[in-house]
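Below is protein_0.cif, which holds mmCIF, C-alpha atoms.
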data_final
#
loop_
_atom_site.label_atom_id
_atom_site.label_comp_id
_atom_site.auth_asym_id
_atom_site.auth_seq_id
_atom_site.Cartn_x
_atom_site.Cartn_y
_atom_site.Cartn_z
CA MET A 1 0.00 0.00 0.00
CA TRP A 2 2.81 2.48 0.86
CA LYS A 3 5.75 3.50 -1.32
CA GLU A 4 8.20 3.01 1.55
CA GLN A 5 8.34 0.13 4.00
CA LEU A 6 6.95 2.03 6.98
CA PRO A 7 7.57 1.40 10.67
CA ASN A 8 4.69 0.35 12.93
CA ASN A 9 1.89 2.89 13.45
CA CYS A 10 2.99 4.90 10.44
CA PRO A 11 1.44 7.05 9.09
CA PRO A 12 0.16 8.16 12.49
CA ASN A 13 -3.54 8.05 13.36
CA ASN A 14 -3.90 11.82 12.91
CA ALA A 15 -2.71 11.65 9.26
CA TYR A 16 -5.46 12.24 6.73
CA GLU A 17 -6.16 12.27 3.01
CA ALA A 18 -6.77 15.67 1.41
CA ASP A 19 -6.43 17.61 -1.82
CA THR A 20 -4.29 20.66 -1.19
CA ILE A 21 -1.75 23.04 -2.66
CA ALA A 22 1.66 22.77 -1.01
CA PHE A 23 5.24 23.94 -1.50
CA ARG A 24 8.24 21.61 -1.85
CA VAL A 25 11.89 22.64 -1.49
CA LEU A 26 13.92 21.38 -4.46
CA GLN A 27 17.63 21.18 -5.21
CA ASN A 28 16.97 21.55 -8.94
CA GLU A 29 15.05 24.10 -10.98
CA GLU A 30 13.57 21.27 -13.03
CA PRO A 31 12.31 18.59 -10.61
CA ILE A 32 14.04 15.21 -10.74
CA GLU A 33 13.43 12.04 -8.75
CA ASN A 34 16.13 12.94 -6.20
CA ASP A 35 14.08 16.00 -5.23
CA PHE A 36 11.37 13.64 -3.91
CA ILE A 37 13.27 11.16 -1.75
CA PRO A 38 12.51 10.78 1.97
CA TYR A 39 15.28 11.09 4.57
CA VAL A 40 15.28 7.34 5.22
CA LYS A 41 16.54 6.81 1.65
CA MET A 42 18.79 9.88 1.58
CA TYR A 43 20.61 8.73 4.72
CA PRO A 44 20.38 4.91 4.83
CA GLU A 45 23.25 4.72 7.33
CA ASN A 46 21.16 6.59 9.93
CA GLU A 47 19.67 3.78 12.03
CA ARG A 48 17.27 6.14 13.83
CA TYR A 49 15.52 7.00 10.56
CA LYS A 50 14.51 3.38 9.96
CA THR A 51 12.00 3.52 12.83
CA PHE A 52 11.22 7.27 12.74
CA CYS A 53 7.90 7.62 10.91
CA LYS A 54 8.48 11.16 9.61
CA ALA A 55 11.78 10.11 8.00
CA HIS A 56 9.66 8.02 5.60
CA ALA A 57 7.56 11.02 4.54
CA LEU A 58 8.22 13.86 2.12
CA SER A 59 8.21 17.39 3.52
CA PHE A 60 5.97 20.09 2.10
CA TYR A 61 4.89 23.50 3.41
CA ASP A 62 1.57 25.33 3.39
CA THR A 63 3.05 28.60 2.07
CA ILE A 64 6.07 29.66 0.07
CA GLU A 65 7.13 31.77 3.06
CA HIS A 66 7.31 28.69 5.29
CA ALA A 67 9.33 26.83 2.63
CA VAL A 68 11.80 29.73 2.33
CA SER A 69 12.02 29.90 6.12
CA ALA A 70 12.99 26.21 6.17
CA ILE A 71 15.72 26.87 3.59
CA ARG A 72 16.99 29.80 5.64
CA GLY A 73 16.98 27.78 8.87
CA ALA A 74 18.86 24.91 7.25
CA ARG A 75 21.51 27.28 5.90
CA GLU A 76 21.98 28.75 9.38
CA ARG A 77 22.80 25.18 10.50
CA SER A 78 25.22 24.80 7.53
CA ARG A 79 22.85 22.47 5.67
CA ASN A 80 21.64 22.82 2.12
CA ILE A 81 18.12 21.44 1.64
CA GLY A 82 17.59 23.20 -1.69
CA ARG A 83 17.48 26.48 -3.59
CA PHE A 84 14.12 26.29 -5.34
CA VAL A 85 10.50 26.08 -4.21
CA ALA A 86 7.85 24.32 -6.27
CA LYS A 87 4.15 24.91 -5.87
CA VAL A 88 2.47 21.51 -6.26
CA GLU A 89 -0.92 19.93 -5.97
CA LEU A 90 -1.21 17.04 -3.51
CA LYS A 91 -4.08 14.64 -4.13
CA SER A 92 -5.85 12.57 -1.50
CA GLU A 93 -5.59 9.36 -3.51
CA HIS A 94 -1.79 9.58 -3.52
CA GLY A 95 -1.06 9.58 0.19
CA LYS A 96 -1.70 10.85 3.68
CA LEU A 97 -0.75 14.15 5.32
CA GLU A 98 0.12 15.24 8.81
CA TYR A 99 0.15 19.00 9.38
CA ASN A 100 2.16 21.01 11.92
CA GLU A 101 0.49 24.40 12.23
CA SER A 102 3.38 26.02 14.11
CA ASN A 103 5.73 25.89 11.11
CA GLY A 104 3.32 25.13 8.25
CA HIS A 105 4.98 21.75 7.63
CA TYR A 106 3.25 18.80 5.99
CA SER A 107 4.61 15.28 6.28
CA PHE A 108 3.31 13.36 3.25
CA TRP A 109 3.45 9.56 3.05
CA LEU A 110 3.14 8.35 -0.53
CA LYS A 111 1.10 5.37 -1.61
CA GLU A 112 2.98 2.79 -3.65
CA ASN A 113 1.51 3.73 -7.03
CA TYR A 114 2.61 7.36 -6.81
CA SER A 115 5.68 8.80 -8.51
CA TYR A 116 7.37 12.18 -8.26
CA THR A 117 6.32 12.78 -11.87
CA ASP A 118 2.69 12.72 -10.69
CA PHE A 119 3.11 15.94 -8.72
CA LEU A 120 1.37 18.66 -10.68
CA THR A 121 4.03 21.33 -10.48
CA GLN A 122 2.35 24.68 -11.02
CA GLU A 123 5.36 26.96 -10.67
CA ILE A 124 8.96 26.93 -9.45
CA GLN A 125 10.78 29.87 -7.92
CA LYS A 126 14.38 30.37 -6.85
CA ALA A 127 14.53 31.12 -3.15
CA ASP A 128 16.41 34.34 -2.53
CA VAL A 129 17.97 33.65 0.86
#

Target format structure tokens, applied to this file:
Amino acid sequence: MWKEQLPNNCPPNNAYEADTIAFRVLQNEEPIENDFIPYVKMYPENERYKTFCKAHALSFYDTIEHAVSAIRGARERSRNIGRFVAKVELKSEHGKLEYNESNGHYSFWLKENYSYTDFLTQEIQKADV
């Protein structure tokens, strides 16, 4: 059912299906598959990620401002999470969301039949940070 082999109780009970517009931080101006890989695959040597539910999800934000804030915060910690922000349409049939209102962050767990090419990218902007 899920694209990743998820740990127990993942996605969490408060995750839900919804159609929404969201913003994804990208490394590349033209999205490629590596722009849509969860942390558990990006850092396979990190044992903690194997059982951490959110490491199996993709991160999105509710506004472009929250996405840019995430880029800025990562750079302050000497990390580079990306330079571009894509506005995309998330569909309920492709996964489940968990929303954190305090920072506008969505964790999105993909169903197995969903590919990064299915994201309907509406626009991509370079983040000026």

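Between atom CA of Asp19 of chain A and atom CA of Asn103 of chain A the separation is 19.6 Å.
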
task: Would you mind listing what lies within 10 Å of Ala86 of chain A as an MDAnalysis selection string, with all atoms listed in the file counted and same-chain residues fewer than 2 positions away left out?
output: chainID A and resid 22:26 28:31 60 64 67 84 88:89 119:126

Exercise: residues within 12 Å of coordinate (-6.6, 9.7, -3.0), counting only C-alpha atoms, as a JSON list (two decimals) with C-alpha atoms, in the coordinates of the input:
[["chain", "number", "residue", "atom", "x", "y", "z"],
["A", 16, "TYR", "CA", -5.46, 12.24, 6.73],
["A", 17, "GLU", "CA", -6.16, 12.27, 3.01],
["A", 18, "ALA", "CA", -6.77, 15.67, 1.41],
["A", 19, "ASP", "CA", -6.43, 17.61, -1.82],
["A", 20, "THR", "CA", -4.29, 20.66, -1.19],
["A", 90, "LEU", "CA", -1.21, 17.04, -3.51],
["A", 91, "LYS", "CA", -4.08, 14.64, -4.13],
["A", 92, "SER", "CA", -5.85, 12.57, -1.50],
["A", 93, "GLU", "CA", -5.59, 9.36, -3.51],
["A", 94, "HIS", "CA", -1.79, 9.58, -3.52],
["A", 95, "GLY", "CA", -1.06, 9.58, 0.19],
["A", 96, "LYS", "CA", -1.70, 10.85, 3.68],
["A", 97, "LEU", "CA", -0.75, 14.15, 5.32],
["A", 109, "TRP", "CA", 3.45, 9.56, 3.05],
["A", 110, "LEU", "CA", 3.14, 8.35, -0.53],
["A", 111, "LYS", "CA", 1.10, 5.37, -1.61],
["A", 112, "GLU", "CA", 2.98, 2.79, -3.65],
["A", 113, "ASN", "CA", 1.51, 3.73, -7.03],
["A", 114, "TYR", "CA", 2.61, 7.36, -6.81]]

query: Hey, what comes out of the PyMOL selection byres ((chain A and resi 41-43) around 12) on this file? Could you write it as a PyMOL selection string?
result: chain A and resi 3-6+33-40+44-50+55-58+81

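At a cut-off of 7 Å from (2.6, 26.1, 8.1), the residue set is Tyr61, Asp62, Thr63, His66, Asn100, Glu101, Ser102, Asn103, Gly104 and His105 of chain A (counting only C-alpha atoms).
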
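Between atom CA of Gln27 of chain A and atom CA of Arg79 of chain A the separation is 12.1 Å.
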
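Atom CA of Ala74 of chain A to atom CA of Tyr99 of chain A spans 19.7 Å [interatomic distance, one decimal].
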
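Closest approach to Trp2 of chain A among A:Thr117, A:Phe108, A:Asp128, A:Arg83: A:Phe108, based on all atoms listed in the file.
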
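The residue that comes closest to Ala70 of chain A, out of A:Ala15, A:Ile32, A:Cys10, A:Val85 and on the basis of only C-alpha atoms, is A:Val85.
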